[in-house]
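Participant: Questions regarding the structure given below will be posed in turn.
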Amino acid sequence: MAMKPLSLETIARVTGGQYVGDNGRRDTIITGVVRDNREAYADCLFLCIKGARADGHDFANKAYEAGAACCLAERPLDAPKGPYVLVGSTLDAVKELGAYYRSLFDIPIVGVTGSVGKTTAKEMTASVLSRKYNVLKTTANLNNELGVPLMLLSMREEHEAAVIEMGISDFGEMSRLARMVRPDICIMTVIGYSHLDSLGDLSGVLRAKSEVFDYMSRDALAILNGDDKLLSAFDPGIKKIAFGLEAHNDYRAININTQGTRGVTCDIVSKNGSFDVFIPAFGSHMVYGALPAAAVGHALGLTDAQIRQGLGWYEPVGGRANVFDTGYITVIDDCYNANPHSMSAAVKSLVTLEGRKTAILGDMFELGTDTKKLHYEVGELAGRSGVDCLICCGTLAENIRDGFVSSGGRKAHYFLSKDLLFAELPKLIKKGDSVLVKASHGMHFEQITAELKKLK
């Protein structure tokens with residue numbers, strides 16, 4: 001799969017940089033863009049980025065040795081073995097390059113944002129669209145100001161559609177992302193309690209995320225969660241499709257049936273009629289990823305049968321509601337990230353399973369001034385919902401434990417650190433348990449999942 005032509009001369013012009021090196025190579029066409037010299041290959045562009053632990057400028061010659069055609073650098077390179085483009089900021093330059101390269105494509109681009117469920121909606125939408133189109137989708141966690149231009153620069157001539165995830169944590173970030181992506185369709189999943197340290201409150205979250213609509217054309221499409229009060233009332237200034245469970249939505253899920261860890265069935269209803277789908281993912285909340293995927297599918301000309309097939313092919317991404325049976329217990333590995341909305345949904349899904357329901361919950365970060373209250377409320381929900389055993393770990397998770405006990409939860413255990421928890425874990429987990437593992441990514445609860453796999 002080939003890139004659209006992007007020469008070293010064009011890279012210098014677009015980024016406002018200075019080409020340094022053999023003038024005879026100015027017309028060299030790059031084959032791709034990498035930020036790790038270990039991933040460099042013939043005729044790629046290597047980004048020299050100074051990180052917290054390493055400075056890419058120090059690895060430029062290793063990238064040349066691996067075949068890189070050129071480097072993008074923000075300081076002069078020491079005895080470079082190839083040409084480079086000198087810019088004021090490598091990060092700013094790659095954003096300019098991403099925006100320019102995106103402008104070379106006339107294909108439908110779907111932007112996905114929201115506080116919860118971005119990756120699920122992105123994956124389901126890409127799976128649906130792949131029934132008709134050759135689709136590029138965001139991989140790994142490339143949804144920020146470096147990741148998004150890297151994804152745009154990975155578009156190839158053969159791609160017929162793209163689904164780009166856009167994650168932010170402060171005002172202005174969405175404007176910088178949307179200026180590059182310029183989506184034709186934008187999915188907004190939910191406005192939730194995330195990044196409140198910088199965004200203040202839910203209205204601030206909406207204001208920051210809705211910056212995207214300033215970079216969409218007047219004939220673009222907004223697909224918003226109509227069950228979310230803020231999004232339901234919000235006017236994006238372009239055509240709006242609402243999705244959710246409530247009757248006023250344009251796309252609704254009815255007859256929702258959870259089938260344990262196998263998945264969820266429902267009927268999707270819209271002005272186009274209705275059709276049944278099976279979503280092979282744990283938790284009834286997964287319909288909130290399927291509904292916008294169906295709306296995008298219809299908007300881009302897919303049939304009900306193609307949408308049904310695409311949803312049936314969905315696969316959860318690592319650390320997001322992955323369910324596996326160890327032979328001793330069933331583990332719901334949902335440790336990639338957490339906020340009150342997603343944690344509550346996971347707890348509600350846990351209690352639908354067979355066996356003793358055990359929840360291992362940890363700290364949720366960036367919740368602002370209401371941090372303790374929001375943790376406490378998750379605990380209350382767990383107690384009311386029927387969680388049999390609650391295990392909390394982390395500084396803030398003590399509030400989850402307190403909320404659980406206050407609402408009638410009986411078996412509650414609290415550990416300040418994972419090491420203390422690991423020592424007791426074999427005694428706390430029983431054969432046949434269904435165990436949910438969830439916390440913010442910085443808690444590294446994947447280590448708990450690994451310990452659970454060892455239990456016999």
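Here's how to read the names in the structure tokens: chain A, B, ... by the order shown, residue numbers from 1 in each chain, ligand numbers from 1 in the order shown.
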Among region 232-421 of chain A, which ones does DSSP place in alpha helix (DSSP H), written as number ranges by chain?
Facilitator: A: 232-233, 287-299, 304-312, 340-350, 371-385, 398-406, 418-421
Participant: Keeping only C-alpha atoms, write the selected residues as a short mmCIF file (atom, residue, chain, number, x, y, z; two decimals), in the first residue's frame.
Facilitator:
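In the end it all went to again_3.cif:
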data_model
loop_
_atom_site.label_atom_id
_atom_site.label_comp_id
_atom_site.auth_asym_id
_atom_site.auth_seq_id
_atom_site.Cartn_x
_atom_site.Cartn_y
_atom_site.Cartn_z
CA SER A 232 -29.44 15.98 23.62
CA ALA A 233 -29.90 19.73 24.08
CA VAL A 287 -25.29 -0.94 22.37
CA TYR A 288 -24.03 2.64 22.77
CA GLY A 289 -21.16 1.74 20.46
CA ALA A 290 -23.34 -0.18 18.00
CA LEU A 291 -25.92 2.58 17.50
CA PRO A 292 -23.58 5.29 16.14
CA ALA A 293 -21.82 2.64 14.05
CA ALA A 294 -25.17 1.77 12.47
CA ALA A 295 -25.95 5.46 11.89
CA VAL A 296 -22.60 5.97 10.15
CA GLY A 297 -23.18 2.81 8.12
CA HIS A 298 -26.53 4.04 6.81
CA ALA A 299 -25.11 7.52 6.14
CA ASP A 304 -28.82 -3.46 7.25
CA ALA A 305 -27.24 -6.82 6.43
CA GLN A 306 -23.77 -5.25 6.07
CA ILE A 307 -24.18 -3.36 9.36
CA ARG A 308 -25.34 -6.55 11.11
CA GLN A 309 -22.33 -8.44 9.78
CA GLY A 310 -19.91 -5.66 10.73
CA LEU A 311 -21.17 -5.54 14.32
CA GLY A 312 -20.95 -9.32 14.51
CA PRO A 340 -17.68 7.14 37.12
CA HIS A 341 -19.80 6.57 34.02
CA SER A 342 -17.84 3.63 32.65
CA MET A 343 -17.25 2.09 36.07
CA SER A 344 -20.96 2.17 36.88
CA ALA A 345 -21.80 0.55 33.55
CA ALA A 346 -19.23 -2.20 34.15
CA VAL A 347 -20.58 -2.92 37.63
CA LYS A 348 -24.15 -3.15 36.29
CA SER A 349 -23.00 -5.64 33.67
CA LEU A 350 -21.03 -7.70 36.20
CA THR A 371 -13.28 13.22 43.42
CA LYS A 372 -14.15 11.66 46.79
CA LYS A 373 -17.91 12.03 46.25
CA LEU A 374 -17.76 10.43 42.80
CA HIS A 375 -15.80 7.45 44.14
CA TYR A 376 -18.25 7.11 47.04
CA GLU A 377 -21.22 7.08 44.62
CA VAL A 378 -19.68 4.26 42.58
CA GLY A 379 -19.39 2.27 45.80
CA GLU A 380 -23.03 2.99 46.65
CA LEU A 381 -24.07 1.74 43.21
CA ALA A 382 -22.04 -1.44 43.66
CA GLY A 383 -23.75 -2.09 46.99
CA ARG A 384 -27.25 -1.47 45.62
CA SER A 385 -26.62 -3.49 42.46
CA GLU A 398 -11.17 3.82 50.06
CA ASN A 399 -14.13 6.07 49.22
CA ILE A 400 -15.57 3.35 46.97
CA ARG A 401 -15.35 0.94 49.89
CA ASP A 402 -17.12 3.42 52.19
CA GLY A 403 -19.94 3.97 49.70
CA PHE A 404 -20.37 0.22 49.26
CA VAL A 405 -20.66 -0.39 53.01
CA SER A 406 -23.08 2.53 53.46
CA LYS A 418 -1.36 -3.73 44.79
CA ASP A 419 1.41 -5.57 46.63
CA LEU A 420 -0.74 -5.79 49.75
CA LEU A 421 -3.66 -6.97 47.63
#
Participant: Quick one: residues within 10 Å of region 274-276 of chain A, only C-alpha atoms counted, chain neighbours fewer than 5 positions away excluded, as a list in words?
Facilitator: Tyr251, Arg252, Ala253, Ile254, Asn255, Ile256, Thr265, Cys266, Asp267, Ile268, Val269, Asp304, Ala305, Ile307 and Arg308 of chain A
Participant: Kindly save the residues from that selection, with N, CA and C atoms included, as an mmCIF file, in the first residue's frame.
Facilitator:
data_model
loop_
_atom_site.group_PDB
_atom_site.id
_atom_site.type_symbol
_atom_site.label_atom_id
_atom_site.label_comp_id
_atom_site.auth_asym_id
_atom_site.auth_seq_id
_atom_site.Cartn_x
_atom_site.Cartn_y
_atom_site.Cartn_z
ATOM 1 N N TYR A 251 -31.846 6.901 16.315
ATOM 2 C CA TYR A 251 -31.415 5.492 16.306
ATOM 3 C C TYR A 251 -31.568 4.965 17.721
ATOM 4 N N ARG A 252 -32.381 3.928 17.874
ATOM 5 C CA ARG A 252 -32.669 3.379 19.201
ATOM 6 C C ARG A 252 -32.364 1.882 19.240
ATOM 7 N N ALA A 253 -32.004 1.419 20.424
ATOM 8 C CA ALA A 253 -31.864 -0.015 20.660
ATOM 9 C C ALA A 253 -33.038 -0.462 21.522
ATOM 10 N N ILE A 254 -33.757 -1.466 21.056
ATOM 11 C CA ILE A 254 -34.859 -2.040 21.828
ATOM 12 C C ILE A 254 -34.643 -3.550 21.940
ATOM 13 N N ASN A 255 -35.415 -4.172 22.808
ATOM 14 C CA ASN A 255 -35.310 -5.632 23.015
ATOM 15 C C ASN A 255 -33.867 -6.051 23.323
ATOM 16 N N ILE A 256 -33.218 -5.286 24.205
ATOM 17 C CA ILE A 256 -31.830 -5.595 24.556
ATOM 18 C C ILE A 256 -31.790 -6.847 25.425
ATOM 19 N N THR A 265 -27.699 -8.980 22.372
ATOM 20 C CA THR A 265 -28.541 -8.857 21.182
ATOM 21 C C THR A 265 -29.494 -7.686 21.382
ATOM 22 N N CYS A 266 -29.894 -7.067 20.286
ATOM 23 C CA CYS A 266 -30.902 -6.016 20.350
ATOM 24 C C CYS A 266 -31.448 -5.789 18.947
ATOM 25 N N ASP A 267 -32.499 -4.994 18.871
ATOM 26 C CA ASP A 267 -33.011 -4.519 17.589
ATOM 27 C C ASP A 267 -32.645 -3.046 17.474
ATOM 28 N N ILE A 268 -32.103 -2.664 16.330
ATOM 29 C CA ILE A 268 -31.791 -1.269 16.067
ATOM 30 C C ILE A 268 -32.916 -0.675 15.229
ATOM 31 N N VAL A 269 -33.518 0.394 15.749
ATOM 32 C CA VAL A 269 -34.679 1.013 15.115
ATOM 33 C C VAL A 269 -34.323 2.421 14.653
ATOM 34 N N ASP A 304 -28.629 -2.888 5.910
ATOM 35 C CA ASP A 304 -28.815 -3.463 7.250
ATOM 36 C C ASP A 304 -27.990 -4.739 7.410
ATOM 37 N N ALA A 305 -27.968 -5.544 6.361
ATOM 38 C CA ALA A 305 -27.238 -6.816 6.429
ATOM 39 C C ALA A 305 -25.736 -6.570 6.611
ATOM 40 N N ILE A 307 -24.367 -3.887 8.000
ATOM 41 C CA ILE A 307 -24.183 -3.361 9.357
ATOM 42 C C ILE A 307 -24.235 -4.500 10.373
ATOM 43 N N ARG A 308 -25.211 -5.391 10.212
ATOM 44 C CA ARG A 308 -25.336 -6.550 11.110
ATOM 45 C C ARG A 308 -24.061 -7.379 11.089
#
Participant: May I have the residues within 8 Å of Arg75 (chain A) as a ChimeraX atom specification, using only C-alpha atoms and disregarding those fewer than 3 positions away in the same chain?
Facilitator: /A:57,86-88
Participant: Considering only C-alpha atoms, can you say which of A:Tyr336, A:Phe324, A:His413, A:Pro280 comes closest to Lys453 (chain A)?
Facilitator: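 Checking each candidate against Lys453 (chain A), we get A:Phe324 as the closest.
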Participant: Measure the distance from CA of Asp43 (chain A) to CA of Ala68 (chain A) in Å and round it to one decimal.
Facilitator: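 According to the coordinates, CA of Asp43 (chain A) and CA of Ala68 (chain A) are separated by 4.8 Å.
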